[in-house]
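Colleague: Just so it is clear, I am handing over upload.csv, which has CSV, C-alpha atoms.
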chain,number,residue,atom,x,y,z
A,1,MET,CA,-36.0,59.2,-49.5
A,2,THR,CA,-34.9,60.4,-52.9
A,3,PRO,CA,-37.5,59.6,-55.6
A,4,SER,CA,-35.9,57.9,-58.6
A,5,HIS,CA,-37.6,60.2,-61.2
A,6,ARG,CA,-35.6,63.3,-60.3
A,7,GLU,CA,-32.0,64.3,-60.2
A,8,PRO,CA,-30.5,64.5,-56.7
A,9,THR,CA,-29.9,67.9,-55.3
A,10,HIS,CA,-26.4,69.3,-54.7
A,11,GLU,CA,-26.9,68.6,-50.9
A,12,GLU,CA,-28.1,65.1,-51.5
A,13,LEU,CA,-25.0,64.5,-53.7
A,14,LEU,CA,-22.8,65.8,-50.9
A,15,ALA,CA,-24.6,63.5,-48.4
A,16,MET,CA,-23.9,60.5,-50.7
A,17,ALA,CA,-20.2,61.5,-50.9
A,18,TYR,CA,-20.1,62.1,-47.1
A,19,ALA,CA,-21.7,58.7,-46.4
A,20,ASP,CA,-19.2,57.0,-48.7
A,21,GLY,CA,-16.3,58.8,-47.2
A,22,GLU,CA,-15.4,60.5,-50.5
A,23,LEU,CA,-15.3,64.2,-49.3
A,24,ALA,CA,-12.0,65.9,-48.9
A,25,PRO,CA,-11.2,66.9,-45.3
A,26,ALA,CA,-12.2,70.5,-45.8
A,27,GLU,CA,-15.4,69.6,-47.7
A,28,ARG,CA,-16.2,67.1,-44.9
A,29,ARG,CA,-15.8,69.7,-42.2
A,30,GLU,CA,-18.0,72.2,-44.1
A,31,PHE,CA,-20.7,69.5,-44.6
A,32,GLU,CA,-20.6,68.6,-41.0
A,33,ARG,CA,-21.2,72.2,-40.0
A,34,LEU,CA,-24.3,72.1,-42.3
A,35,LEU,CA,-25.4,68.8,-40.7
A,36,GLU,CA,-25.5,70.5,-37.3
A,37,SER,CA,-28.4,72.7,-38.4
A,38,ARG,CA,-30.2,70.3,-40.8
A,39,ALA,CA,-32.1,67.4,-39.2
A,40,ASP,CA,-33.4,66.3,-42.7
A,41,LEU,CA,-29.8,66.0,-44.0
A,42,ARG,CA,-28.8,64.0,-41.0
A,43,GLN,CA,-31.6,61.6,-41.7
A,44,GLU,CA,-30.6,61.4,-45.3
A,45,VAL,CA,-27.0,60.5,-44.3
A,46,VAL,CA,-28.2,57.8,-42.0
A,47,ARG,CA,-30.4,56.4,-44.7
A,48,LEU,CA,-27.5,56.3,-47.1
A,49,GLN,CA,-25.3,54.7,-44.5
A,50,ARG,CA,-28.0,52.0,-44.0
A,51,LEU,CA,-28.0,51.3,-47.8
A,52,ALA,CA,-24.2,51.1,-47.8
A,53,LEU,CA,-24.3,48.6,-44.8
A,54,LEU,CA,-27.0,46.5,-46.6
A,55,ALA,CA,-24.8,46.4,-49.7
A,56,ARG,CA,-21.9,45.2,-47.5
A,57,GLN,CA,-24.1,42.4,-46.1
A,58,ALA,CA,-24.7,41.0,-49.6
A,59,ALA,CA,-24.5,37.3,-48.7
A,60,GLY,CA,-27.7,35.4,-49.4
A,61,PRO,CA,-29.9,33.8,-46.7
A,62,GLU,CA,-28.8,30.5,-45.3
A,63,PRO,CA,-31.3,27.6,-45.0
A,64,ILE,CA,-31.6,28.1,-41.3
A,65,ASP,CA,-32.6,31.8,-41.9
A,66,LEU,CA,-35.7,30.6,-43.8
A,67,GLU,CA,-36.7,28.4,-40.9
A,68,TRP,CA,-36.2,31.3,-38.5
A,69,ARG,CA,-38.5,33.4,-40.7
A,70,ARG,CA,-41.1,30.7,-40.8
A,71,LEU,CA,-40.9,30.3,-37.0
A,72,ALA,CA,-41.3,34.1,-36.5
A,73,LEU,CA,-44.6,33.8,-38.4
A,74,ASP,CA,-45.8,30.6,-36.7
A,75,PRO,CA,-48.9,31.4,-34.6
A,76,VAL,CA,-47.9,29.1,-31.7
A,77,GLN,CA,-44.5,30.8,-31.5
A,78,ARG,CA,-45.9,34.3,-31.7
A,79,ALA,CA,-48.7,33.7,-29.2
A,80,GLY,CA,-46.3,31.9,-26.8
A,81,LEU,CA,-43.7,34.7,-27.0
A,82,GLY,CA,-46.4,37.4,-26.4
A,83,LEU,CA,-47.9,35.5,-23.5
A,84,GLY,CA,-44.6,34.7,-22.0
A,85,TRP,CA,-43.3,38.3,-22.0
A,86,SER,CA,-46.7,39.6,-20.8
A,87,LEU,CA,-46.7,37.2,-17.9
A,88,LEU,CA,-43.2,38.1,-17.0
A,89,LEU,CA,-43.7,41.8,-17.2
A,90,CYS,CA,-47.1,41.7,-15.3
A,91,GLY,CA,-45.7,39.5,-12.7
A,92,ALA,CA,-42.7,41.7,-12.1
A,93,LEU,CA,-44.8,44.8,-11.9
A,94,ALA,CA,-47.4,43.2,-9.6
A,95,GLY,CA,-44.6,41.8,-7.4
A,96,LEU,CA,-43.0,45.2,-7.2
A,97,GLY,CA,-46.3,46.9,-6.4
A,98,SER,CA,-47.1,44.3,-3.7
A,99,ALA,CA,-43.7,44.7,-2.1
A,100,GLY,CA,-44.3,48.5,-2.0
A,101,TYR,CA,-47.7,48.0,-0.5
A,102,VAL,CA,-46.5,45.6,2.1
A,103,LEU,CA,-43.6,47.8,3.0
A,104,TRP,CA,-45.7,51.0,3.4
A,105,THR,CA,-48.4,49.3,5.4
A,106,SER,CA,-45.9,47.6,7.7
A,107,ASP,CA,-44.5,48.8,11.0
A,108,ALA,CA,-41.1,49.4,9.3
A,109,PRO,CA,-39.3,52.6,10.2
A,110,LEU,CA,-40.2,55.6,8.0
A,111,LEU,CA,-36.6,56.0,7.1
A,112,LEU,CA,-36.5,52.5,5.6
A,113,LYS,CA,-39.8,53.1,3.7
A,114,LEU,CA,-38.4,56.3,2.3
A,115,SER,CA,-35.0,54.9,1.4
A,116,ALA,CA,-36.5,51.9,-0.4
A,117,SER,CA,-38.9,54.1,-2.3
A,118,SER,CA,-36.1,56.4,-3.2
A,119,VAL,CA,-34.0,53.5,-4.6
A,120,VAL,CA,-37.0,52.2,-6.7
A,121,GLY,CA,-37.9,55.8,-7.8
A,122,GLY,CA,-34.3,56.6,-8.8
A,123,PHE,CA,-33.9,53.4,-10.7
A,124,ALA,CA,-37.2,54.0,-12.5
A,125,LEU,CA,-36.1,57.6,-13.4
A,126,LEU,CA,-32.7,56.5,-14.7
A,127,LEU,CA,-34.3,53.7,-16.7
A,128,ALA,CA,-36.8,56.2,-18.2
A,129,LEU,CA,-34.1,58.6,-19.1
A,130,ALA,CA,-32.0,55.8,-20.8
A,131,LEU,CA,-35.1,54.8,-22.7
A,132,ARG,CA,-35.7,58.4,-23.7
A,133,ALA,CA,-32.1,58.8,-24.9
A,134,ARG,CA,-32.3,55.6,-26.9
A,135,ALA,CA,-35.6,56.6,-28.5
A,136,ARG,CA,-34.0,59.9,-29.5
A,137,THR,CA,-30.8,58.4,-30.9
A,138,ARG,CA,-32.1,55.2,-32.4
A,139,THR,CA,-33.2,56.8,-35.7
A,140,PHE,CA,-29.7,58.0,-36.2
A,141,ASP,CA,-28.2,54.6,-35.6
A,142,PRO,CA,-27.8,52.8,-39.0
A,143,TYR,CA,-26.4,49.7,-37.5
A,144,THR,CA,-29.6,48.4,-36.0
A,145,GLU,CA,-30.7,46.6,-39.2
A,146,ILE,CA,-27.5,44.5,-39.5
A,147,GLN,CA,-28.2,40.8,-38.9
A,148,ARG,CA,-24.8,39.2,-39.0
B,1,MET,CA,-11.9,53.7,-49.8
B,2,ILE,CA,-10.1,50.4,-50.2
B,3,VAL,CA,-9.9,48.4,-47.0
B,4,VAL,CA,-7.8,45.2,-47.0
B,5,THR,CA,-6.1,42.9,-44.5
B,6,THR,CA,-3.0,42.6,-46.6
B,7,ASP,CA,0.1,44.8,-46.1
B,8,ALA,CA,-0.4,46.4,-49.5
B,9,VAL,CA,-3.1,46.8,-52.1
B,10,PRO,CA,-2.4,44.3,-54.8
B,11,GLY,CA,-2.0,46.1,-58.2
B,12,LYS,CA,-1.6,49.5,-56.6
B,13,GLN,CA,1.5,51.4,-55.6
B,14,THR,CA,1.6,52.9,-52.1
B,15,LEU,CA,2.4,56.6,-52.6
B,16,GLN,CA,2.3,57.7,-48.9
B,17,THR,CA,1.9,56.1,-45.6
B,18,ILE,CA,-0.3,58.3,-43.3
B,19,GLY,CA,-0.3,56.3,-40.1
B,20,ILE,CA,-2.4,54.1,-37.9
B,21,VAL,CA,-6.2,54.6,-37.9
B,22,ARG,CA,-8.7,53.0,-35.7
B,23,GLY,CA,-12.3,52.8,-34.8
B,24,ASN,CA,-14.0,51.2,-31.8
B,25,THR,CA,-17.3,50.8,-30.2
B,26,VAL,CA,-19.0,49.1,-27.3
B,27,ARG,CA,-22.6,48.1,-27.9
B,28,ALA,CA,-25.2,46.2,-25.8
B,29,ALA,CA,-28.3,44.3,-26.6
B,30,HIS,CA,-31.4,45.4,-24.7
B,31,ALA,CA,-32.5,43.4,-21.6
B,32,GLY,CA,-35.2,41.6,-23.7
B,33,HIS,CA,-32.5,40.3,-26.0
B,34,ASP,CA,-30.3,39.3,-23.1
B,35,MET,CA,-33.2,37.3,-21.6
B,36,ALA,CA,-34.0,35.6,-24.9
B,37,ALA,CA,-30.3,34.8,-25.3
B,38,TRP,CA,-30.3,33.3,-21.8
B,39,PHE,CA,-33.1,30.9,-22.8
B,40,LYS,CA,-31.3,29.9,-26.0
B,41,ASN,CA,-28.1,29.4,-24.0
B,42,VAL,CA,-30.1,26.7,-22.1
B,43,VAL,CA,-31.1,24.8,-25.2
B,44,GLY,CA,-28.0,25.4,-27.4
B,45,GLY,CA,-27.7,26.5,-31.0
B,46,GLU,CA,-26.9,30.0,-32.5
B,47,ILE,CA,-27.8,33.0,-30.4
B,48,GLU,CA,-28.8,35.4,-33.2
B,49,GLU,CA,-29.2,38.2,-30.8
B,50,TYR,CA,-25.5,38.1,-30.0
B,51,THR,CA,-24.5,37.4,-33.6
B,52,LYS,CA,-26.3,40.5,-34.5
B,53,LEU,CA,-24.8,42.5,-31.7
B,54,LEU,CA,-21.3,41.6,-32.7
B,55,ALA,CA,-22.0,42.3,-36.4
B,56,GLU,CA,-23.3,45.7,-35.5
B,57,SER,CA,-20.2,46.5,-33.5
B,58,ARG,CA,-17.9,45.2,-36.2
B,59,GLU,CA,-19.5,47.4,-38.9
B,60,GLN,CA,-19.6,50.5,-36.7
B,61,ALA,CA,-15.9,50.1,-35.7
B,62,LEU,CA,-15.0,49.6,-39.3
B,63,ASP,CA,-17.0,52.7,-40.4
B,64,ARG,CA,-15.3,54.8,-37.7
B,65,MET,CA,-11.8,53.6,-38.8
B,66,ILE,CA,-12.7,54.4,-42.4
B,67,ALA,CA,-14.0,57.8,-41.4
B,68,GLU,CA,-10.7,58.6,-39.6
B,69,ALA,CA,-8.7,57.4,-42.6
B,70,ALA,CA,-10.8,59.6,-45.0
B,71,ALA,CA,-10.5,62.6,-42.7
B,72,ARG,CA,-6.7,62.2,-42.8
B,73,GLY,CA,-6.7,62.2,-46.6
B,74,ALA,CA,-6.2,58.4,-47.2
B,75,ASN,CA,-7.8,56.5,-50.0
B,76,ALA,CA,-7.0,53.0,-48.5
B,77,VAL,CA,-6.4,51.2,-45.3
B,78,VAL,CA,-4.1,48.2,-45.3
B,79,GLY,CA,-3.3,45.6,-42.7
B,80,VAL,CA,-6.7,45.9,-41.1
B,81,ARG,CA,-7.3,43.8,-38.0
B,82,PHE,CA,-10.2,43.4,-35.5
B,83,VAL,CA,-9.8,43.0,-31.8
B,84,THR,CA,-12.5,42.1,-29.4
B,85,SER,CA,-12.7,42.1,-25.6
B,86,GLU,CA,-15.4,42.0,-23.0
B,87,ILE,CA,-15.6,45.2,-21.1
B,88,ALA,CA,-18.9,44.3,-19.4
B,89,SER,CA,-21.2,41.4,-19.4
B,90,GLY,CA,-23.6,41.4,-22.4
B,91,CYS,CA,-21.6,44.1,-24.2
B,92,ALA,CA,-19.5,43.7,-27.3
B,93,GLU,CA,-16.4,45.8,-27.7
B,94,LEU,CA,-14.8,45.8,-31.1
B,95,LEU,CA,-11.7,47.7,-32.2
B,96,ALA,CA,-10.8,47.9,-35.9
B,97,TYR,CA,-7.4,49.2,-36.8
B,98,GLY,CA,-5.1,49.4,-39.8
B,99,THR,CA,-2.6,51.7,-41.6
B,100,ALA,CA,-4.0,54.5,-43.6
B,101,VAL,CA,-2.2,55.0,-47.0
B,102,ARG,CA,-2.6,56.8,-50.2
B,103,VAL,CA,-2.3,54.5,-53.2
B,104,GLY,CA,-2.3,55.2,-56.9
Would you mind writing the file's structure down as C-alpha coordinates?

Modeller:
Amino acid sequence: MTPSHREPTHEELLAMAYADGELAPAERREFERLLESRADLRQEVVRLQRLALLARQAAGPEPIDLEWRRLALDPVQRAGLGLGWSLLLCGALAGLGSAGYVLWTSDAPLLLKLSASSVVGGFALLLALALRARARTRTFDPYTEIQR
Amino acid sequence: MIVVTTDAVPGKQTLQTIGIVRGNTVRAAHAGHDMAAWFKNVVGGEIEEYTKLLAESREQALDRMIAEAAARGANAVVGVRFVTSEIASGCAELLAYGTAVRVG
(Lines of atoms letter the chains of each structure in order from A and count residues from 1; the text may use other names and numbers.)
(Lines give C-alpha, C1' and ligand atoms only; values in the text may rest on other atoms or scores of the structure.)
Protein backbone atom coordinates (compact mmCIF):
# COMPACT_ATOMS: atom_id res chain seq x y z
CA MET A 1 0.00 0.00 0.00
CA THR A 2 1.38 3.41 -0.95
CA PRO A 3 0.92 5.91 1.90
CA SER A 4 -0.63 9.16 0.67
CA HIS A 5 1.92 11.42 2.41
CA ARG A 6 4.89 10.52 0.21
CA GLU A 7 5.70 10.60 -3.44
CA PRO A 8 5.51 7.24 -5.20
CA THR A 9 8.83 5.68 -6.10
CA HIS A 10 9.93 5.19 -9.69
CA GLU A 11 9.06 1.49 -9.47
CA GLU A 12 5.59 2.26 -8.09
CA LEU A 13 5.01 4.69 -10.98
CA LEU A 14 6.07 1.95 -13.38
CA ALA A 15 3.67 -0.46 -11.64
CA MET A 16 0.82 2.05 -12.07
CA ALA A 17 1.62 2.51 -15.76
CA TYR A 18 1.92 -1.27 -16.17
CA ALA A 19 -1.43 -1.94 -14.47
CA ASP A 20 -3.07 0.72 -16.66
CA GLY A 21 -1.49 -0.71 -19.82
CA GLU A 22 0.38 2.52 -20.50
CA LEU A 23 3.93 1.16 -20.88
CA ALA A 24 5.47 0.90 -24.34
CA PRO A 25 6.11 -2.72 -25.43
CA ALA A 26 9.87 -2.53 -24.64
CA GLU A 27 9.25 -0.92 -21.22
CA ARG A 28 6.59 -3.50 -20.53
CA ARG A 29 8.94 -6.41 -21.25
CA GLU A 30 11.63 -4.84 -19.07
CA PHE A 31 9.17 -4.33 -16.20
CA GLU A 32 7.92 -7.92 -16.55
CA ARG A 33 11.53 -9.14 -16.14
CA LEU A 34 11.74 -7.08 -12.96
CA LEU A 35 8.43 -8.56 -11.74
CA GLU A 36 9.82 -12.08 -11.98
CA SER A 37 12.22 -11.40 -9.12
CA ARG A 38 10.12 -8.99 -7.04
CA ALA A 39 7.17 -10.46 -5.12
CA ASP A 40 6.44 -7.06 -3.52
CA LEU A 41 6.06 -5.43 -6.95
CA ARG A 42 3.82 -8.25 -8.12
CA GLN A 43 1.58 -7.62 -5.10
CA GLU A 44 1.60 -3.89 -5.88
CA VAL A 45 0.50 -4.54 -9.46
CA VAL A 46 -2.34 -6.78 -8.27
CA ARG A 47 -3.42 -4.08 -5.76
CA LEU A 48 -3.48 -1.48 -8.53
CA GLN A 49 -5.41 -3.82 -10.82
CA ARG A 50 -7.96 -4.32 -8.02
CA LEU A 51 -8.35 -0.54 -7.73
CA ALA A 52 -8.83 -0.21 -11.49
CA LEU A 53 -11.45 -2.96 -11.41
CA LEU A 54 -13.27 -1.27 -8.51
CA ALA A 55 -13.31 1.98 -10.49
CA ARG A 56 -14.82 0.09 -13.43
CA GLN A 57 -17.59 -1.25 -11.17
CA ALA A 58 -18.68 2.25 -10.27
CA ALA A 59 -22.46 1.64 -10.32
CA GLY A 60 -24.12 2.25 -6.97
CA PRO A 61 -25.81 -0.52 -4.98
CA GLU A 62 -29.29 -1.61 -5.98
CA PRO A 63 -32.04 -1.84 -3.32
CA ILE A 64 -31.77 -5.62 -3.32
CA ASP A 65 -28.03 -5.34 -2.48
CA LEU A 66 -28.89 -3.59 0.78
CA GLU A 67 -31.28 -6.39 1.69
CA TRP A 68 -28.62 -9.01 0.87
CA ARG A 69 -26.19 -7.17 3.18
CA ARG A 70 -28.78 -7.08 5.99
CA LEU A 71 -29.47 -10.75 5.43
CA ALA A 72 -25.74 -11.54 5.63
CA LEU A 73 -25.68 -9.93 9.09
CA ASP A 74 -28.93 -11.53 10.26
CA PRO A 75 -28.17 -13.87 13.23
CA VAL A 76 -30.68 -16.54 12.15
CA GLN A 77 -29.26 -16.61 8.62
CA ARG A 78 -25.66 -16.74 9.87
CA ALA A 79 -26.31 -19.42 12.45
CA GLY A 80 -28.37 -21.45 9.98
CA LEU A 81 -25.69 -21.30 7.30
CA GLY A 82 -22.94 -22.23 9.77
CA LEU A 83 -24.97 -25.12 11.18
CA GLY A 84 -26.05 -26.32 7.74
CA TRP A 85 -22.52 -26.42 6.32
CA SER A 86 -21.14 -27.99 9.51
CA LEU A 87 -23.75 -30.75 9.46
CA LEU A 88 -23.12 -31.40 5.78
CA LEU A 89 -19.34 -31.55 6.17
CA CYS A 90 -19.38 -33.62 9.38
CA GLY A 91 -21.94 -36.01 7.90
CA ALA A 92 -19.88 -36.48 4.74
CA LEU A 93 -16.67 -37.09 6.69
CA ALA A 94 -18.38 -39.44 9.14
CA GLY A 95 -20.01 -41.34 6.27
CA LEU A 96 -16.71 -41.67 4.46
CA GLY A 97 -14.95 -42.82 7.63
CA SER A 98 -17.71 -45.34 8.39
CA ALA A 99 -17.61 -46.70 4.86
CA GLY A 100 -13.83 -47.13 5.17
CA TYR A 101 -14.19 -48.86 8.52
CA VAL A 102 -16.91 -51.21 7.21
CA LEU A 103 -14.84 -52.02 4.14
CA TRP A 104 -11.63 -52.76 6.05
CA THR A 105 -13.37 -54.87 8.72
CA SER A 106 -15.36 -56.84 6.15
CA ASP A 107 -14.44 -60.05 4.36
CA ALA A 108 -13.92 -58.20 1.09
CA PRO A 109 -10.82 -59.20 -0.89
CA LEU A 110 -7.66 -57.30 0.01
CA LEU A 111 -7.34 -56.05 -3.57
CA LEU A 112 -10.77 -54.38 -3.32
CA LYS A 113 -9.85 -52.76 0.00
CA LEU A 114 -6.58 -51.47 -1.43
CA SER A 115 -8.09 -50.19 -4.66
CA ALA A 116 -10.93 -48.39 -2.85
CA SER A 117 -8.45 -46.83 -0.41
CA SER A 118 -6.23 -45.86 -3.33
CA VAL A 119 -9.10 -44.06 -5.11
CA VAL A 120 -10.06 -42.16 -1.94
CA GLY A 121 -6.43 -41.35 -1.14
CA GLY A 122 -5.69 -40.19 -4.69
CA PHE A 123 -8.80 -38.01 -4.73
CA ALA A 124 -7.86 -36.47 -1.37
CA LEU A 125 -4.29 -35.82 -2.53
CA LEU A 126 -5.39 -34.17 -5.79
CA LEU A 127 -7.96 -32.06 -3.92
CA ALA A 128 -5.31 -30.99 -1.40
CA LEU A 129 -2.96 -30.00 -4.23
CA ALA A 130 -5.70 -28.02 -5.99
CA LEU A 131 -6.43 -26.22 -2.70
CA ARG A 132 -2.72 -25.52 -2.22
CA ALA A 133 -2.40 -24.11 -5.74
CA ARG A 134 -5.49 -21.94 -5.23
CA ALA A 135 -4.19 -20.63 -1.91
CA ARG A 136 -0.87 -19.73 -3.55
CA THR A 137 -2.42 -17.97 -6.57
CA ARG A 138 -5.47 -16.37 -4.95
CA THR A 139 -3.52 -13.33 -3.69
CA PHE A 140 -2.48 -12.62 -7.29
CA ASP A 141 -6.05 -12.85 -8.62
CA PRO A 142 -7.52 -9.32 -8.67
CA TYR A 143 -10.87 -10.53 -10.00
CA THR A 144 -12.11 -12.18 -6.82
CA GLU A 145 -13.60 -8.96 -5.44
CA ILE A 146 -15.82 -8.26 -8.44
CA GLN A 147 -19.48 -8.57 -7.56
CA ARG A 148 -21.22 -8.18 -10.94
CA MET B 1 -6.66 2.57 -23.67
CA ILE B 2 -9.98 3.41 -25.30
CA VAL B 3 -12.26 0.39 -25.58
CA VAL B 4 -15.47 0.79 -27.57
CA THR B 5 -18.03 -1.41 -29.25
CA THR B 6 -18.41 0.95 -32.20
CA ASP B 7 -16.40 0.50 -35.42
CA ALA B 8 -14.45 3.72 -34.80
CA VAL B 9 -13.73 6.04 -31.90
CA PRO B 10 -16.05 9.05 -32.29
CA GLY B 11 -14.07 12.29 -32.52
CA LYS B 12 -10.79 10.50 -33.22
CA GLN B 13 -9.11 9.60 -36.46
CA THR B 14 -7.93 6.04 -36.97
CA LEU B 15 -4.23 6.31 -37.88
CA GLN B 16 -3.38 2.61 -38.08
CA THR B 17 -5.24 -0.68 -37.89
CA ILE B 18 -3.11 -3.20 -36.01
CA GLY B 19 -5.33 -6.26 -36.10
CA ILE B 20 -7.57 -8.49 -34.05
CA VAL B 21 -6.86 -8.82 -30.34
CA ARG B 22 -8.58 -11.14 -27.91
CA GLY B 23 -8.59 -12.28 -24.36
CA ASN B 24 -10.32 -15.28 -22.88
CA THR B 25 -10.70 -17.09 -19.61
CA VAL B 26 -12.53 -20.00 -18.07
CA ARG B 27 -13.36 -19.59 -14.40
CA ALA B 28 -15.20 -21.77 -11.91
CA ALA B 29 -16.96 -21.15 -8.65
CA HIS B 30 -15.82 -23.35 -5.78
CA ALA B 31 -17.95 -26.31 -4.73
CA GLY B 32 -19.49 -24.36 -1.83
CA HIS B 33 -20.78 -21.71 -4.22
CA ASP B 34 -22.06 -24.39 -6.57
CA MET B 35 -24.03 -25.97 -3.73
CA ALA B 36 -25.41 -22.60 -2.59
CA ALA B 37 -26.38 -21.91 -6.21
CA TRP B 38 -28.15 -25.25 -6.40
CA PHE B 39 -30.32 -24.35 -3.39
CA LYS B 40 -31.12 -20.95 -4.93
CA ASN B 41 -32.00 -22.67 -8.18
CA VAL B 42 -34.70 -24.53 -6.24
CA VAL B 43 -36.35 -21.36 -4.93
CA GLY B 44 -35.65 -18.93 -7.81
CA GLY B 45 -34.30 -15.39 -7.94
CA GLU B 46 -30.84 -14.13 -8.81
CA ILE B 47 -27.95 -16.50 -8.21
CA GLU B 48 -25.31 -13.97 -7.17
CA GLU B 49 -22.60 -16.62 -7.06
CA TYR B 50 -22.94 -17.10 -10.83
CA THR B 51 -23.50 -13.39 -11.50
CA LYS B 52 -20.18 -12.79 -9.77
CA LEU B 53 -18.51 -15.66 -11.63
CA LEU B 54 -19.55 -14.30 -15.03
CA ALA B 55 -18.53 -10.75 -14.05
CA GLU B 56 -15.08 -11.97 -12.95
CA SER B 57 -14.66 -13.79 -16.27
CA ARG B 58 -15.83 -10.78 -18.28
CA GLU B 59 -13.36 -8.41 -16.60
CA GLN B 60 -10.45 -10.84 -16.86
CA ALA B 61 -11.12 -11.50 -20.55
CA LEU B 62 -11.37 -7.75 -21.15
CA ASP B 63 -8.09 -7.10 -19.33
CA ARG B 64 -6.32 -9.78 -21.33
CA MET B 65 -7.59 -8.31 -24.57
CA ILE B 66 -6.44 -4.82 -23.48
CA ALA B 67 -3.03 -6.20 -22.46
CA GLU B 68 -2.57 -7.76 -25.89
CA ALA B 69 -3.59 -4.52 -27.58
CA ALA B 70 -1.15 -2.53 -25.44
CA ALA B 71 1.65 -5.01 -26.15
CA ARG B 72 1.06 -4.51 -29.87
CA GLY B 73 1.31 -0.73 -29.58
CA ALA B 74 -2.39 0.11 -29.86
CA ASN B 75 -4.08 2.90 -27.93
CA ALA B 76 -7.65 1.81 -28.67
CA VAL B 77 -9.71 -1.28 -29.36
CA VAL B 78 -12.79 -0.87 -31.53
CA GLY B 79 -15.66 -3.20 -32.36
CA VAL B 80 -15.34 -5.05 -29.06
CA ARG B 81 -17.55 -8.10 -28.64
CA PHE B 82 -18.06 -10.72 -25.93
CA VAL B 83 -18.73 -14.36 -26.62
CA THR B 84 -19.63 -16.90 -23.98
CA SER B 85 -19.98 -20.66 -24.08
CA GLU B 86 -20.12 -23.51 -21.62
CA ILE B 87 -17.00 -25.64 -21.69
CA ALA B 88 -17.87 -27.53 -18.50
CA SER B 89 -20.74 -27.53 -16.05
CA GLY B 90 -20.38 -24.72 -13.51
CA CYS B 91 -17.63 -22.97 -15.48
CA ALA B 92 -17.91 -19.64 -17.25
CA GLU B 93 -15.94 -19.17 -20.46
CA LEU B 94 -15.72 -15.63 -21.78
CA LEU B 95 -13.95 -14.44 -24.91
CA ALA B 96 -13.53 -10.73 -25.56
CA TYR B 97 -12.26 -9.65 -28.95
CA GLY B 98 -11.96 -6.52 -31.03
CA THR B 99 -9.72 -4.67 -33.46
CA ALA B 100 -6.65 -2.94 -32.09
CA VAL B 101 -6.01 0.46 -33.64
CA ARG B 102 -3.96 3.59 -33.13
CA VAL B 103 -6.06 6.73 -33.01
CA GLY B 104 -5.05 10.34 -32.82

Colleague: Is it possible to get the residues within 9 Å of (-7.4, 45.2, -39.0) (coordinates as in the file, counting only C-alpha atoms) written as number ranges by chain?

Modeller: B: 3-5, 22, 62, 77-83, 95-99

Colleague: Compile a residue-level contact table for chain A against chain B at a cut-off of 7 Å, reporting for every qualifying residue the shortest atom pair and its distance in Å to one decimal, with all atoms listed in the file counted, rows ordered by chain and ascending number, as CSV.

Modeller:
residue,atom,partner,partner_atom,distance
A:Gly21,CA,B:Ala70,CA,6.0
A:Ala24,CA,B:Gly73,CA,6.9
A:Pro25,CA,B:Ala71,CA,5.1
A:Tyr143,CA,B:Glu56,CA,5.4
A:Thr144,CA,B:Glu56,CA,6.9
A:Ile146,CA,B:Glu56,CA,5.9
A:Gln147,CA,B:Lys52,CA,4.8
A:Arg148,CA,B:Lys52,CA,4.9

Colleague: What is the atom CA of Gln49 of chain A to atom CA of Ala19 of chain A distance in Å?

Modeller: 5.7 Å

Colleague: What does the distance between atom CA of Leu34 of chain A and atom CA of Asp20 of chain A come to in Å, to one decimal place?

Modeller: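 Computing it gives 17.2 Å between the two atoms.
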
Colleague: Determine the nearest neighbour of Gly104 of chain B from the options B:Arg27, B:Ala8, B:Thr14, B:Ala88, counting all atoms listed in the file.

Modeller: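 Of B:Arg27, B:Ala8, B:Thr14, B:Ala88, the one nearest Gly104 of chain B is B:Thr14, counting all atoms listed in the file.
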
Colleague: Could you check how far atom CA of Val21 of chain B sits from atom CA of Ile2 of chain B, in Å to one decimal?

Modeller: 13.6 Å
